[in-house]
Amino acid sequence: MSGLRAEVIRDQGAFDDLESHWWPLWSQSTSATPFQSPAWLLPWWRTFSPGDLSAIAVWRGKDLVGLAPLYLEPHASGWKLLPVGISLSDYLDILCTPGQEAAVSAAIAEAALSLEWSQWILPDLPVRAASLSLALPQVKESGCAHHAACPVLPPAGNETLVSLIPARRRRQLRRAQRAAQRRGRVAIARCEADPETFVDQLVRLHDARWAGRGGGVLVGSAIEFHRNALPRLAANGLARCWLIEIGEAVVGAYYGFHHRDRAYAYLGGFDPAYAEESPGAILIGKAIVEAAREGAREFDFLRGRESYKYGWGAVDRWTAQRVWTRGAPP
């Protein structure tokens, strides 16, 4: 750990000030996803702030080489140490500069042990998460290797994403496109340049999709969060937002991300009055085609085992969860 300095950041302003250092670290980190970017996590904390900020920054000189965005939340059983971004983020992890993972992980673990918590929970860790190397040998650990399924349309040799779509789904997609064309002019447009309008349409269509059924996630502060996060994601080239019009009506929205060689399908909505035209499926098909064109090798449908994901040929990839439990400090 020679040469490394760990700092616990408890102040909102100091957390915001990390951004200029955070982006280079995130860009280098091999396990990073859009959910670990400052474009996602800074708005999350500013919107929700559900406890006491306790982010651990690891420095080598003036360079940020590790970051564990954490906070402490009070519970009846004691304080829990949790990751910033929990619940709305499909993947969570710490960030480490390549080649320094062992030293950075040790520094984060030592700093975390200096905090007063009874349980440290790290859920939704992807397969190659840096957090999987954290070691707290004197603390009782539990967890699970199969925490949540994230169906993924995976690479297969030299095949493209589009060629991995099952023939049955392709036929269904062609029928949906013909049905939409019979109903009126069909237009699909990218909308990151106008995030406010896109979020308005996404909320409207998501609400329509889930009206009376429960299960909708765009409610209350979550809407405010996406209004704050989407412009940041778009400005950094991470957002992929599509709207589909049939006739004169906007009937479907797709909200996703693209980073390195992976596309992520985060959220969508459609007008149930156009269910026979399957605008949601048309948008996913468009997103897969465009993701392949941009060099994506995987299309990640993210957390949840909804049946439609497997119709596109997705297979389960599981996240892990780590939980450390210790007694209250004397």
# chains A, B, ... in the order shown; residues from 1 in each chain; ligands from 1
>>> residues_around(residues="Ser278 in chain A", least_positions_apart="2", cutoff="9 Å", atoms="only C-alpha atoms", output="NGL selection string")
:A and (173 or 176-177 or 179-180 or 252 or 270 or 274-276 or 280-283)
>>> write_last_selection(atoms="N, CA and C atoms", output="mmCIF file, in the first residue's frame")
data_model
loop_
_atom_site.group_PDB
_atom_site.id
_atom_site.type_symbol
_atom_site.label_atom_id
_atom_site.label_comp_id
_atom_site.auth_asym_id
_atom_site.auth_seq_id
_atom_site.Cartn_x
_atom_site.Cartn_y
_atom_site.Cartn_z
ATOM 1 N N LEU A 173 -40.792 -9.629 -35.543
ATOM 2 C CA LEU A 173 -40.417 -8.230 -35.718
ATOM 3 C C LEU A 173 -40.854 -7.711 -37.077
ATOM 4 N N ALA A 176 -44.541 -7.077 -36.923
ATOM 5 C CA ALA A 176 -44.829 -5.860 -36.157
ATOM 6 C C ALA A 176 -44.549 -4.617 -36.999
ATOM 7 N N GLN A 177 -43.470 -4.644 -37.759
ATOM 8 C CA GLN A 177 -43.138 -3.489 -38.593
ATOM 9 C C GLN A 177 -44.181 -3.286 -39.689
ATOM 10 N N ALA A 179 -47.344 -4.225 -39.508
ATOM 11 C CA ALA A 179 -48.566 -3.763 -38.839
ATOM 12 C C ALA A 179 -48.470 -2.279 -38.518
ATOM 13 N N ALA A 180 -47.304 -1.828 -38.074
ATOM 14 C CA ALA A 180 -47.120 -0.406 -37.773
ATOM 15 C C ALA A 180 -47.253 0.440 -39.027
ATOM 16 N N GLY A 252 -43.754 4.821 -28.368
ATOM 17 C CA GLY A 252 -42.778 3.974 -27.698
ATOM 18 C C GLY A 252 -41.502 4.733 -27.388
ATOM 19 N N PHE A 270 -44.404 1.913 -23.719
ATOM 20 C CA PHE A 270 -45.138 2.006 -24.973
ATOM 21 C C PHE A 270 -46.606 2.239 -24.676
ATOM 22 N N TYR A 274 -51.326 0.601 -28.900
ATOM 23 C CA TYR A 274 -50.581 0.154 -30.083
ATOM 24 C C TYR A 274 -49.907 -1.197 -29.809
ATOM 25 N N ALA A 275 -50.464 -1.976 -28.886
ATOM 26 C CA ALA A 275 -49.830 -3.241 -28.511
ATOM 27 C C ALA A 275 -49.679 -4.188 -29.698
ATOM 28 N N GLU A 276 -50.657 -4.202 -30.610
ATOM 29 C CA GLU A 276 -50.581 -5.119 -31.754
ATOM 30 C C GLU A 276 -49.429 -4.776 -32.683
ATOM 31 N N GLY A 280 -42.520 -1.456 -28.621
ATOM 32 C CA GLY A 280 -41.386 -1.762 -27.757
ATOM 33 C C GLY A 280 -40.420 -2.725 -28.416
ATOM 34 N N ALA A 281 -40.955 -3.757 -29.055
ATOM 35 C CA ALA A 281 -40.101 -4.729 -29.740
ATOM 36 C C ALA A 281 -39.390 -4.100 -30.934
ATOM 37 N N ILE A 282 -40.096 -3.245 -31.672
ATOM 38 C CA ILE A 282 -39.468 -2.568 -32.810
ATOM 39 C C ILE A 282 -38.281 -1.733 -32.327
ATOM 40 N N LEU A 283 -38.450 -1.052 -31.194
ATOM 41 C CA LEU A 283 -37.364 -0.225 -30.666
ATOM 42 C C LEU A 283 -36.189 -1.076 -30.190
#
>>> select_by_dssp(residues="range 136-285 of chain A", states="strand (DSSP E or B)", output="PyMOL selection string")
chain A and resi 140-144+149+152-153+186-190+239-246+249-259+262-270
>>> write_last_selection(atoms="N, CA and C atoms", output="compact mmCIF listing (two decimals), in the first residue's frame")
# COMPACT_ATOMS: atom_id res chain seq x y z
N LYS A 140 -16.84 -11.63 9.56
CA LYS A 140 -17.68 -12.72 9.05
C LYS A 140 -18.31 -12.31 7.73
N GLU A 141 -18.21 -13.18 6.74
CA GLU A 141 -18.77 -12.88 5.42
C GLU A 141 -19.80 -13.92 5.00
N SER A 142 -20.85 -13.43 4.36
CA SER A 142 -21.83 -14.30 3.70
C SER A 142 -22.14 -13.66 2.35
N GLY A 143 -23.04 -14.24 1.65
CA GLY A 143 -23.40 -13.69 0.33
C GLY A 143 -23.86 -14.79 -0.58
N CYS A 144 -23.95 -14.47 -1.85
CA CYS A 144 -24.38 -15.48 -2.81
C CYS A 144 -23.77 -15.20 -4.17
N ALA A 149 -30.27 -12.24 -11.88
CA ALA A 149 -30.01 -12.59 -13.28
C ALA A 149 -30.12 -11.35 -14.16
N VAL A 152 -28.43 -11.65 -21.11
CA VAL A 152 -27.52 -11.00 -22.05
C VAL A 152 -27.57 -11.74 -23.38
N LEU A 153 -27.62 -10.97 -24.45
CA LEU A 153 -27.42 -11.53 -25.79
C LEU A 153 -25.91 -11.53 -26.00
N VAL A 186 -44.17 5.45 -40.03
CA VAL A 186 -43.35 5.01 -38.89
C VAL A 186 -42.03 5.78 -38.93
N ALA A 187 -41.71 6.40 -37.81
CA ALA A 187 -40.44 7.14 -37.71
C ALA A 187 -39.79 6.84 -36.37
N ILE A 188 -38.50 6.51 -36.41
CA ILE A 188 -37.73 6.25 -35.19
C ILE A 188 -36.59 7.27 -35.15
N ALA A 189 -36.46 7.96 -34.01
CA ALA A 189 -35.46 9.02 -33.92
C ALA A 189 -34.68 8.93 -32.62
N ARG A 190 -33.38 9.25 -32.70
CA ARG A 190 -32.54 9.38 -31.51
C ARG A 190 -32.87 10.70 -30.81
N ALA A 239 -25.50 7.65 -23.30
CA ALA A 239 -26.94 7.42 -23.42
C ALA A 239 -27.33 7.05 -24.85
N ARG A 240 -28.34 6.18 -24.95
CA ARG A 240 -28.96 5.84 -26.23
C ARG A 240 -30.47 5.91 -26.03
N CYS A 241 -31.08 6.94 -26.56
CA CYS A 241 -32.51 7.20 -26.34
C CYS A 241 -33.22 7.24 -27.69
N TRP A 242 -34.28 6.45 -27.82
CA TRP A 242 -35.03 6.37 -29.06
C TRP A 242 -36.52 6.56 -28.78
N LEU A 243 -37.19 7.25 -29.70
CA LEU A 243 -38.64 7.35 -29.68
C LEU A 243 -39.17 6.86 -31.02
N ILE A 244 -40.32 6.19 -30.99
CA ILE A 244 -40.97 5.76 -32.23
C ILE A 244 -42.32 6.44 -32.37
N GLU A 245 -42.57 6.97 -33.56
CA GLU A 245 -43.87 7.55 -33.90
C GLU A 245 -44.57 6.64 -34.91
N ILE A 246 -45.86 6.44 -34.70
CA ILE A 246 -46.70 5.79 -35.71
C ILE A 246 -47.82 6.77 -36.03
N ALA A 249 -48.46 10.00 -33.64
CA ALA A 249 -48.38 9.75 -32.21
C ALA A 249 -47.04 9.12 -31.82
N VAL A 250 -46.44 9.62 -30.73
CA VAL A 250 -45.26 8.98 -30.14
C VAL A 250 -45.76 7.81 -29.28
N VAL A 251 -45.41 6.59 -29.66
CA VAL A 251 -46.02 5.42 -29.04
C VAL A 251 -45.03 4.50 -28.33
N GLY A 252 -43.75 4.82 -28.37
CA GLY A 252 -42.78 3.97 -27.70
C GLY A 252 -41.50 4.73 -27.39
N ALA A 253 -40.85 4.35 -26.29
CA ALA A 253 -39.59 4.97 -25.88
C ALA A 253 -38.62 3.88 -25.43
N TYR A 254 -37.36 4.06 -25.76
CA TYR A 254 -36.29 3.14 -25.35
C TYR A 254 -35.17 3.97 -24.72
N TYR A 255 -34.76 3.57 -23.51
CA TYR A 255 -33.72 4.28 -22.76
C TYR A 255 -32.62 3.28 -22.45
N GLY A 256 -31.47 3.48 -23.05
CA GLY A 256 -30.36 2.55 -22.84
C GLY A 256 -29.03 3.26 -22.80
N PHE A 257 -27.96 2.47 -22.73
CA PHE A 257 -26.61 3.00 -22.64
C PHE A 257 -25.70 2.21 -23.58
N HIS A 258 -24.55 2.78 -23.86
CA HIS A 258 -23.52 2.09 -24.64
C HIS A 258 -22.17 2.49 -24.06
N HIS A 259 -21.36 1.47 -23.74
CA HIS A 259 -20.02 1.73 -23.22
C HIS A 259 -19.11 0.61 -23.67
N ARG A 262 -20.32 -2.96 -25.13
CA ARG A 262 -21.58 -3.48 -24.58
C ARG A 262 -22.67 -2.42 -24.64
N ALA A 263 -23.87 -2.86 -25.04
CA ALA A 263 -25.07 -2.03 -24.99
C ALA A 263 -25.93 -2.51 -23.82
N TYR A 264 -26.63 -1.58 -23.19
CA TYR A 264 -27.46 -1.88 -22.03
C TYR A 264 -28.88 -1.36 -22.27
N ALA A 265 -29.87 -2.23 -22.17
CA ALA A 265 -31.27 -1.83 -22.32
C ALA A 265 -31.83 -1.56 -20.93
N TYR A 266 -31.96 -0.30 -20.56
CA TYR A 266 -32.30 0.03 -19.18
C TYR A 266 -33.81 0.11 -18.92
N LEU A 267 -34.54 0.83 -19.77
CA LEU A 267 -35.94 1.10 -19.46
C LEU A 267 -36.69 1.43 -20.75
N GLY A 268 -37.98 1.16 -20.74
CA GLY A 268 -38.79 1.49 -21.91
C GLY A 268 -40.24 1.70 -21.54
N GLY A 269 -41.01 2.06 -22.52
CA GLY A 269 -42.44 2.22 -22.33
C GLY A 269 -43.11 2.28 -23.68
N PHE A 270 -44.40 1.91 -23.72
CA PHE A 270 -45.14 2.01 -24.97
C PHE A 270 -46.61 2.24 -24.68
>>> residues_around(residues="range 62-74 of chain A", least_positions_apart="2", cutoff="9 Å", atoms="only C-alpha atoms", output="PyMOL selection string")
chain A and resi 4+6+9-10+18+21-22+24-25+36+41+49-60+76-85+93-98+100-101+104-105+107-108+115-117
>>> closest_residue(among="A:Ala103, A:Ala135, A:Leu202, A:Val323", to="Trp120 in chain A", atoms="only C-alpha atoms")
A:Val323
>>> select_by_dssp(residues="range 151-262 of chain A", states="helix (DSSP H, G or I)", output="PyMOL selection string")
chain A and resi 162-164+167-183+195-210+221-235
>>> closest_residue(among="A:Pro43, A:Pro231, A:Gly216, A:Gly295", to="Phe198 in chain A", atoms="only C-alpha atoms")
A:Pro231
>>> atom_distance(atom1="CA of Ser131 in chain A", atom2="CA of Leu92 in chain A")
8.9 Å
>>> closest_residue(among="A:Arg322, A:Arg183, A:Lys309, A:Glu298", to="Pro154 in chain A", atoms="only C-alpha atoms")
A:Glu298
>>> closest_residue(among="A:Pro123, A:Ala320, A:Leu134, A:Arg260", to="Trp26 in chain A", atoms="only C-alpha atoms")
A:Arg260
>>> closest_residue(among="A:Val315, A:Ala106, A:Val217, A:Val127", to="Tyr91 in chain A", atoms="only C-alpha atoms")
A:Val127
>>> residues_around(residues="Leu233 in chain A", least_positions_apart="3", cutoff="9 Å", atoms="only C-alpha atoms", output="list in words")
Pro34, Ser37, Pro38, Ala39, Trp40, Glu192, Ala229, Leu230, Asn236, Gly237, Leu238, Ala239 and Phe257 of chain A
>>> atom_distance(atom1="CA of Asp17 in chain A", atom2="CA of Ser114 in chain A")
23.1 Å
